[in-house]
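Working notes for the structure below.
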Amino acid sequence: MNVAQRLIYLREKRGITTNKLANLAGISQSHLREIELGQRCPTVETLSFFCDALGISLEEFFCEGGGINPFLESAVKQLTDSQQTALANFINTMLKAIKGTDE
């Protein structure tokens with residue numbers, strides 16, 4: 001997985017839109033879009049802004065397993081992209097309910 005694909009994966013996994021991630025990272029939406037399309041390579045500083053916005057470290061960005069339970073990782077890999085997105089949205093909804101927040 002390349003940097004662009006990993007960024008898209010992590011963003012979608014968290015149910016975050018391109019616009020929201022760009023705003024959280026302090027980067028223009030067009031700049032983020034160019035990175036996701038592979039038209040630009042992010043600097044380490046820009047990548048760290050994205051990681052901060054996603055709530056992960058640079059190490060976690062480059063570590064695809066991320067320490068997830070092997071059973072869950074295997075199960076998720078069997079899902080289609082749209083099923084993974086739906087699962088990520090469901091988990092985000094559950095986490096918000098648990099925390100008692102509503103964005």
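So you can find residues: chains in the structure tokens are A, B, ... in the order shown, residues in each start at 1, and ligands are numbered from 1 in order.
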
Exercise for review: List the neighbours of stretch 35-37 of chain A out to 8 Å using only C-alpha atoms; skip same-chain residues closer than 5 positions along the sequence, and give me the result as a PyMOL selection string.
Suggested key: chain A and resi 4-5+7-8+42

Any chance you could export the current selection's N, CA and C atoms as a tab-separated table (two decimals), in the first residue's frame?
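Written out: result-v7.tsv:
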```tsv
chain	number	residue	atom	x	y	z
A	4	ALA	N	-0.58	7.37	-0.52
A	4	ALA	CA	-1.90	7.86	-0.90
A	4	ALA	C	-2.99	6.86	-0.51
A	5	GLN	N	-2.77	5.59	-0.83
A	5	GLN	CA	-3.75	4.56	-0.50
A	5	GLN	C	-3.92	4.43	1.01
A	7	LEU	N	-3.41	6.74	3.30
A	7	LEU	CA	-4.11	7.91	3.80
A	7	LEU	C	-5.62	7.79	3.55
A	8	ILE	N	-5.98	7.38	2.36
A	8	ILE	CA	-7.40	7.18	2.04
A	8	ILE	C	-8.00	6.11	2.95
A	42	PRO	N	3.28	14.01	-0.01
A	42	PRO	CA	3.29	14.90	1.16
A	42	PRO	C	4.69	14.96	1.78
```

Return as an mmCIF file with C-alpha atoms, in the first residue's frame the full set of residues in chain A whose backbone-based DSSP assignment is helix (DSSP H, G or I).
```cif
data_model
loop_
_atom_site.group_PDB
_atom_site.id
_atom_site.type_symbol
_atom_site.label_atom_id
_atom_site.label_comp_id
_atom_site.auth_asym_id
_atom_site.auth_seq_id
_atom_site.Cartn_x
_atom_site.Cartn_y
_atom_site.Cartn_z
ATOM 1 C CA VAL A 3 1.137 6.641 1.054
ATOM 2 C CA ALA A 4 -1.905 7.865 -0.900
ATOM 3 C CA GLN A 5 -3.755 4.565 -0.501
ATOM 4 C CA ARG A 6 -2.865 4.377 3.195
ATOM 5 C CA LEU A 7 -4.114 7.909 3.799
ATOM 6 C CA ILE A 8 -7.399 7.184 2.039
ATOM 7 C CA TYR A 9 -7.764 3.906 3.929
ATOM 8 C CA LEU A 10 -7.180 5.522 7.328
ATOM 9 C CA ARG A 11 -9.439 8.481 6.534
ATOM 10 C CA GLU A 12 -12.300 6.281 5.351
ATOM 11 C CA LYS A 13 -11.746 3.827 8.192
ATOM 12 C CA THR A 18 -11.618 14.674 2.604
ATOM 13 C CA ASN A 19 -12.852 18.134 3.554
ATOM 14 C CA LYS A 20 -12.943 17.364 7.271
ATOM 15 C CA LEU A 21 -9.450 15.827 7.279
ATOM 16 C CA ALA A 22 -8.075 18.793 5.358
ATOM 17 C CA ASN A 23 -9.643 21.183 7.868
ATOM 18 C CA LEU A 24 -8.396 19.195 10.860
ATOM 19 C CA ALA A 25 -4.879 19.060 9.403
ATOM 20 C CA GLN A 29 -8.795 20.284 0.444
ATOM 21 C CA SER A 30 -7.306 20.522 -3.042
ATOM 22 C CA HIS A 31 -3.825 19.776 -1.673
ATOM 23 C CA LEU A 32 -5.125 16.715 0.184
ATOM 24 C CA ARG A 33 -7.015 15.575 -2.902
ATOM 25 C CA GLU A 34 -3.848 15.808 -5.020
ATOM 26 C CA ILE A 35 -2.016 13.696 -2.432
ATOM 27 C CA GLU A 36 -4.794 11.096 -2.386
ATOM 28 C CA VAL A 44 6.928 14.582 6.480
ATOM 29 C CA GLU A 45 5.499 17.705 8.132
ATOM 30 C CA THR A 46 2.266 17.503 6.110
ATOM 31 C CA LEU A 47 2.005 13.793 6.800
ATOM 32 C CA SER A 48 2.426 14.471 10.521
ATOM 33 C CA PHE A 49 -0.467 16.988 10.327
ATOM 34 C CA PHE A 50 -2.654 14.261 8.813
ATOM 35 C CA CYS A 51 -1.564 11.769 11.466
ATOM 36 C CA ASP A 52 -2.385 14.242 14.241
ATOM 37 C CA ALA A 53 -5.802 14.825 12.689
ATOM 38 C CA LEU A 54 -6.362 11.047 12.449
ATOM 39 C CA LEU A 58 3.720 8.446 12.031
ATOM 40 C CA GLU A 59 4.805 4.964 13.102
ATOM 41 C CA GLU A 60 1.195 3.791 13.127
ATOM 42 C CA PHE A 61 0.685 5.350 9.688
ATOM 43 C CA PHE A 62 3.413 3.155 8.225
ATOM 44 C CA PRO A 70 -5.353 -10.692 14.305
ATOM 45 C CA PHE A 71 -8.836 -12.237 14.160
ATOM 46 C CA LEU A 72 -10.439 -8.848 13.540
ATOM 47 C CA GLU A 73 -7.826 -7.890 10.989
ATOM 48 C CA SER A 74 -8.397 -11.135 9.094
ATOM 49 C CA ALA A 75 -12.169 -10.714 9.208
ATOM 50 C CA VAL A 76 -12.032 -7.099 8.021
ATOM 51 C CA LYS A 77 -9.737 -7.991 5.113
ATOM 52 C CA ASP A 81 -14.288 -1.778 0.455
ATOM 53 C CA SER A 82 -17.882 -0.623 0.897
ATOM 54 C CA GLN A 83 -18.437 -3.139 3.694
ATOM 55 C CA GLN A 84 -15.270 -1.922 5.445
ATOM 56 C CA THR A 85 -16.488 1.660 5.152
ATOM 57 C CA ALA A 86 -19.889 0.687 6.542
ATOM 58 C CA LEU A 87 -18.212 -1.141 9.423
ATOM 59 C CA ALA A 88 -15.980 1.870 10.147
ATOM 60 C CA ASN A 89 -19.030 4.154 10.162
ATOM 61 C CA PHE A 90 -20.854 1.772 12.499
ATOM 62 C CA ILE A 91 -17.904 1.641 14.900
ATOM 63 C CA ASN A 92 -17.579 5.435 14.845
ATOM 64 C CA THR A 93 -21.287 5.743 15.655
ATOM 65 C CA MET A 94 -20.929 3.263 18.521
ATOM 66 C CA LEU A 95 -17.876 5.079 19.913
ATOM 67 C CA LYS A 96 -19.717 8.399 19.807
ATOM 68 C CA ALA A 97 -22.660 6.817 21.639
ATOM 69 C CA ILE A 98 -20.350 5.345 24.255
ATOM 70 C CA LYS A 99 -18.605 8.683 24.762
#
```

Review point. What separation in Å, quoted to one decimal, exists between atom CA of A:Gly15 and atom CA of A:Ile56?
Key: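 Here the two named atoms are 14.8 Å from each other.
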